[in-house]
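Enquirer: Here's a structure for you.
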Amino acid sequence: MRVPAFEALLTGAGRDVLASVDAEAASRDALAAASRLREDPRVAALDPGLPVSELVNAVLTQISLRVRGRAKFGPRADLMFFTPNGLEQSTRASVAAYRAERVAAVHRGPAGDLCCGIGADLLALAARGVPVEGVDLDPLTVAVAGANVAALGLQDTARVREGDVTRIGPGAYPLLVCDPARRGGRGRVFDPAAYSPPWDVAVGLAGGSGAACLKAAPGIPHEVLPPGADTEWISVDGELKEAALWFGALSGGPRRRATALSERDGSRTHLDEVPGLGPAPVAPARRYLYDPDPAVVRSHLVAEAAARVDGALLDERIAYFTADTAVRSPLWRVLEVEEVVPFSLKRVRAALRERRVGTVTVMKRGSAVDTEKLRRDLRASGPEAATVVLTRVGERPFALLCREPSAAPGAPGEAGEAGEAGEAGAAR
């Protein structure tokens, strides 16, 4: 989509055309929707200098992206504008709101949002009274971000301009937010040195500001994290979303933090690094098994989580931990252990049959077993439900047969605010 075609959608006539399209019907049958739009004289009138096909494509692109955008932005997505890459890379609204509140609590002066994309963080900061200027290199992205500022009525607090962030010196803004692009022509970029701007440039900009937040992919290697930064891994309803590095007046560190956000109940729960804690103890399975949130695992704070419940790891390389008591928290899932057996299909099948289990959930860490194939091969039948947890202790594979525990108390000392697990890394 080119800038002229996009700008045609921002006119009164363009907004009328967008409003006239049934988004759900267009999602089901894009060809029929395109045919109707090509025959609509209002579309050609949006910009007589552009091919009708380009205008139709611009309309349907926005309709499709708005439908997809609801997952990140909720109902506001129907007012907003997107590009495909911009939506893919944009911060989820709940994460942007959380981060903007942390910024606004200590900083109300001017801010710069570098690599602002479609403006998710820009909008969140402006909505909380932080005057912010967004900067991006791509003209279409700048146009889209500016349209979103206008669509949400934030023109008095936010503005957007085209610019190369590598030419912005440290300290250019009293507060700086930077989200380096992590997608290239071939898809997602995993090497921080290949971010745009490169990681060392972004760190230099953040470190040279009085206050800054630098965003990164959640899988960023710990060894490239600058030693003075406060690094926070953020999940939403159990799904790891990103890492945020805080500098200067916004930093509470240096420390590592795991934050679990919930869009279901609005809660925000934190787990901070405990200096000098050391590795968690290792012990055989106790009555309860804990599966930590991916933000806890990625931040290497499993030992801190285990300490909350006087727990121990099953294996020093695996992020499951076990305890004698069940304590509920957004920072982990807890299961009651009914039986632990050396893993084999025959043993697990027999144990499930004995318990009349027909509904099986399979979780794993440190296991190479194909869980879908195992679920089929178990041929479970019966009225009961169970969770089979596959892991290893030492070099031996084990299966833990578990069930949901009865009501459990909240985690002691949990730092919170009101408002199916996959593979995991090392426990610490």
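FYI, nothing fancy with the structure tokens labels: chains A, B, ... in order, residues from 1 per chain, ligands from 1 as they appear.
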Could you go through region 161-262 of chain A and tell me which residues DSSP, when run on the backbone, assigns to strand (DSSP E), listing them as a PyMOL selection string?
Expert: chain A and resi 161-162+175-178+183-184+187-188+211-216+230-236+239-248+256-261
Enquirer: Got time to write the residues from that selection, C-alpha atoms, as a PDB file, in the first residue's frame?
Expert:
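Okay, this is what ended up in result-v9.pdb:
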```pdb
ATOM      1  CA  ARG A 161       7.461  12.823  12.092  1.00  0.00           C
ATOM      2  CA  GLU A 162       9.621  11.019   9.565  1.00  0.00           C
ATOM      3  CA  LEU A 175      12.636  10.517  28.064  1.00  0.00           C
ATOM      4  CA  LEU A 176      13.182   8.047  25.283  1.00  0.00           C
ATOM      5  CA  VAL A 177      11.259   4.951  24.230  1.00  0.00           C
ATOM      6  CA  CYS A 178      12.815   2.832  21.492  1.00  0.00           C
ATOM      7  CA  ARG A 183      11.632  -7.943  11.137  1.00  0.00           C
ATOM      8  CA  GLY A 184      13.446  -7.746   7.804  1.00  0.00           C
ATOM      9  CA  GLY A 187      10.939 -12.296   8.248  1.00  0.00           C
ATOM     10  CA  ARG A 188      11.708 -12.144  11.958  1.00  0.00           C
ATOM     11  CA  ALA A 211      15.180   8.075  31.429  1.00  0.00           C
ATOM     12  CA  ALA A 212      14.549   5.436  28.788  1.00  0.00           C
ATOM     13  CA  CYS A 213      12.754   2.225  27.933  1.00  0.00           C
ATOM     14  CA  LEU A 214      14.262  -0.038  25.294  1.00  0.00           C
ATOM     15  CA  LYS A 215      12.140  -2.901  23.989  1.00  0.00           C
ATOM     16  CA  ALA A 216      13.525  -6.223  22.800  1.00  0.00           C
ATOM     17  CA  ASP A 230      16.651  -3.043  34.805  1.00  0.00           C
ATOM     18  CA  THR A 231      15.320  -5.824  32.529  1.00  0.00           C
ATOM     19  CA  GLU A 232      11.710  -6.976  32.689  1.00  0.00           C
ATOM     20  CA  TRP A 233      10.155  -9.923  30.856  1.00  0.00           C
ATOM     21  CA  ILE A 234       6.408  -9.502  30.324  1.00  0.00           C
ATOM     22  CA  SER A 235       3.746 -12.132  29.661  1.00  0.00           C
ATOM     23  CA  VAL A 236       0.024 -11.725  29.014  1.00  0.00           C
ATOM     24  CA  GLU A 239       2.046 -15.982  26.761  1.00  0.00           C
ATOM     25  CA  LEU A 240       5.474 -14.342  26.753  1.00  0.00           C
ATOM     26  CA  LYS A 241       5.361 -11.066  24.816  1.00  0.00           C
ATOM     27  CA  GLU A 242       8.540  -9.028  25.172  1.00  0.00           C
ATOM     28  CA  ALA A 243      11.450  -7.795  27.233  1.00  0.00           C
ATOM     29  CA  ALA A 244      11.686  -4.178  28.377  1.00  0.00           C
ATOM     30  CA  LEU A 245      14.937  -2.587  29.514  1.00  0.00           C
ATOM     31  CA  TRP A 246      14.625   0.416  31.818  1.00  0.00           C
ATOM     32  CA  PHE A 247      17.341   3.062  32.167  1.00  0.00           C
ATOM     33  CA  GLY A 248      18.016   6.122  34.287  1.00  0.00           C
ATOM     34  CA  ARG A 256      15.711  -8.838  36.569  1.00  0.00           C
ATOM     35  CA  ARG A 257      11.928  -8.901  36.871  1.00  0.00           C
ATOM     36  CA  ALA A 258       9.156 -11.157  35.585  1.00  0.00           C
ATOM     37  CA  THR A 259       5.746  -9.548  35.143  1.00  0.00           C
ATOM     38  CA  ALA A 260       2.565 -11.482  34.461  1.00  0.00           C
ATOM     39  CA  LEU A 261      -0.267  -9.363  33.079  1.00  0.00           C
TER      40      LEU A 261
END
```
Enquirer: Output as an NGL selection string all residues of region 100-255 of chain A that backbone DSSP marks as alpha helix (DSSP H).
Expert: :A and (100-104 or 120-127 or 139-151 or 199-207)
Enquirer: Please, which residues in region 76-117 of chain A fall within 12 Å of region 129-134 of chain A when counting only C-alpha atoms, and what is the closest atom pair and distance in Å to one decimal for each, ordered by chain then residue number, as CSV?
Expert:
```
residue,atom,partner,partner_atom,distance
A:Ala100,CA,A:Val130,CA,8.6
A:Glu101,CA,A:Val130,CA,9.9
A:Arg102,CA,A:Val130,CA,11.4
A:Val103,CA,A:Val130,CA,8.5
A:Ala104,CA,A:Val130,CA,6.6
A:Ala105,CA,A:Val130,CA,10.1
A:Val106,CA,A:Val130,CA,10.5
A:His107,CA,A:Val130,CA,7.6
A:Arg108,CA,A:Val130,CA,5.1
A:Gly109,CA,A:Val130,CA,6.3
A:Pro110,CA,A:Pro131,CA,5.0
A:Ala111,CA,A:Val132,CA,4.6
A:Gly112,CA,A:Glu133,CA,4.9
A:Asp113,CA,A:Gly134,CA,4.6
A:Leu114,CA,A:Gly134,CA,6.0
A:Cys115,CA,A:Gly134,CA,7.4
A:Cys116,CA,A:Gly134,CA,5.4
A:Gly117,CA,A:Gly134,CA,8.4
```
Enquirer: Using only C-alpha atoms, which residue out of A:Leu60, A:Arg349, A:Gly119, A:Gly228 lies closest to Leu31 (chain A)?
Expert: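 Among the listed residues, the smallest separation from Leu31 (chain A) belongs to A:Leu60.
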Enquirer: Would you pick out the contacts of Val337 (chain A) at 12 Å or less, using only C-alpha atoms, so that residues sharing its chain but fewer than 2 positions from it are not included, and give the list as number ranges by chain?
Expert: A: 284-290, 321-326, 334-335, 339-341, 386-389, 399-405
Enquirer: Report the distance between CA of Leu137 (chain A) and CA of Asp78 (chain A) in Å, rounded to one decimal place.
Expert: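 Distance reported for this atom pair: 25.5 Å.
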Enquirer: Quick one: everything within 12 Å of Gly49 (chain A), counting only C-alpha atoms, minus sequence neighbours fewer than 6 positions away in the same chain. Send it as a ChimeraX atom specification.
Expert: /A:4-5,8,43,55
Enquirer: For those residues, write all heavy atoms to a file as a CSV table (one decimal), in the first residue's frame.
Expert:
```csv
chain,number,residue,atom,x,y,z
A,4,PRO,N,-0.3,7.6,-1.0
A,4,PRO,CA,-1.5,8.3,-1.6
A,4,PRO,C,-2.8,7.4,-1.4
A,4,PRO,O,-3.8,8.0,-1.1
A,4,PRO,CB,-1.1,8.4,-3.1
A,4,PRO,CG,0.4,8.5,-3.1
A,4,PRO,CD,0.8,7.5,-2.0
A,5,ALA,N,-2.7,6.1,-1.6
A,5,ALA,CA,-3.9,5.3,-1.4
A,5,ALA,C,-4.3,5.3,0.0
A,5,ALA,O,-5.5,5.3,0.3
A,5,ALA,CB,-3.6,3.9,-1.9
A,8,ALA,N,-6.0,8.5,0.9
A,8,ALA,CA,-7.4,8.6,0.4
A,8,ALA,C,-8.4,8.1,1.4
A,8,ALA,O,-9.6,8.5,1.4
A,8,ALA,CB,-7.5,7.9,-1.0
A,43,VAL,N,-15.5,4.6,-4.6
A,43,VAL,CA,-14.1,4.2,-4.5
A,43,VAL,C,-13.3,4.9,-5.5
A,43,VAL,O,-12.2,5.5,-5.2
A,43,VAL,CB,-14.0,2.6,-4.6
A,43,VAL,CG1,-12.6,2.2,-4.6
A,43,VAL,CG2,-14.8,2.0,-3.5
A,55,LEU,N,-7.0,1.3,-4.8
A,55,LEU,CA,-7.8,1.8,-3.8
A,55,LEU,C,-8.6,0.7,-3.1
A,55,LEU,O,-8.8,0.7,-1.9
A,55,LEU,CB,-8.8,2.9,-4.4
A,55,LEU,CG,-8.1,4.2,-4.9
A,55,LEU,CD1,-9.1,5.0,-5.7
A,55,LEU,CD2,-7.6,5.0,-3.7
```
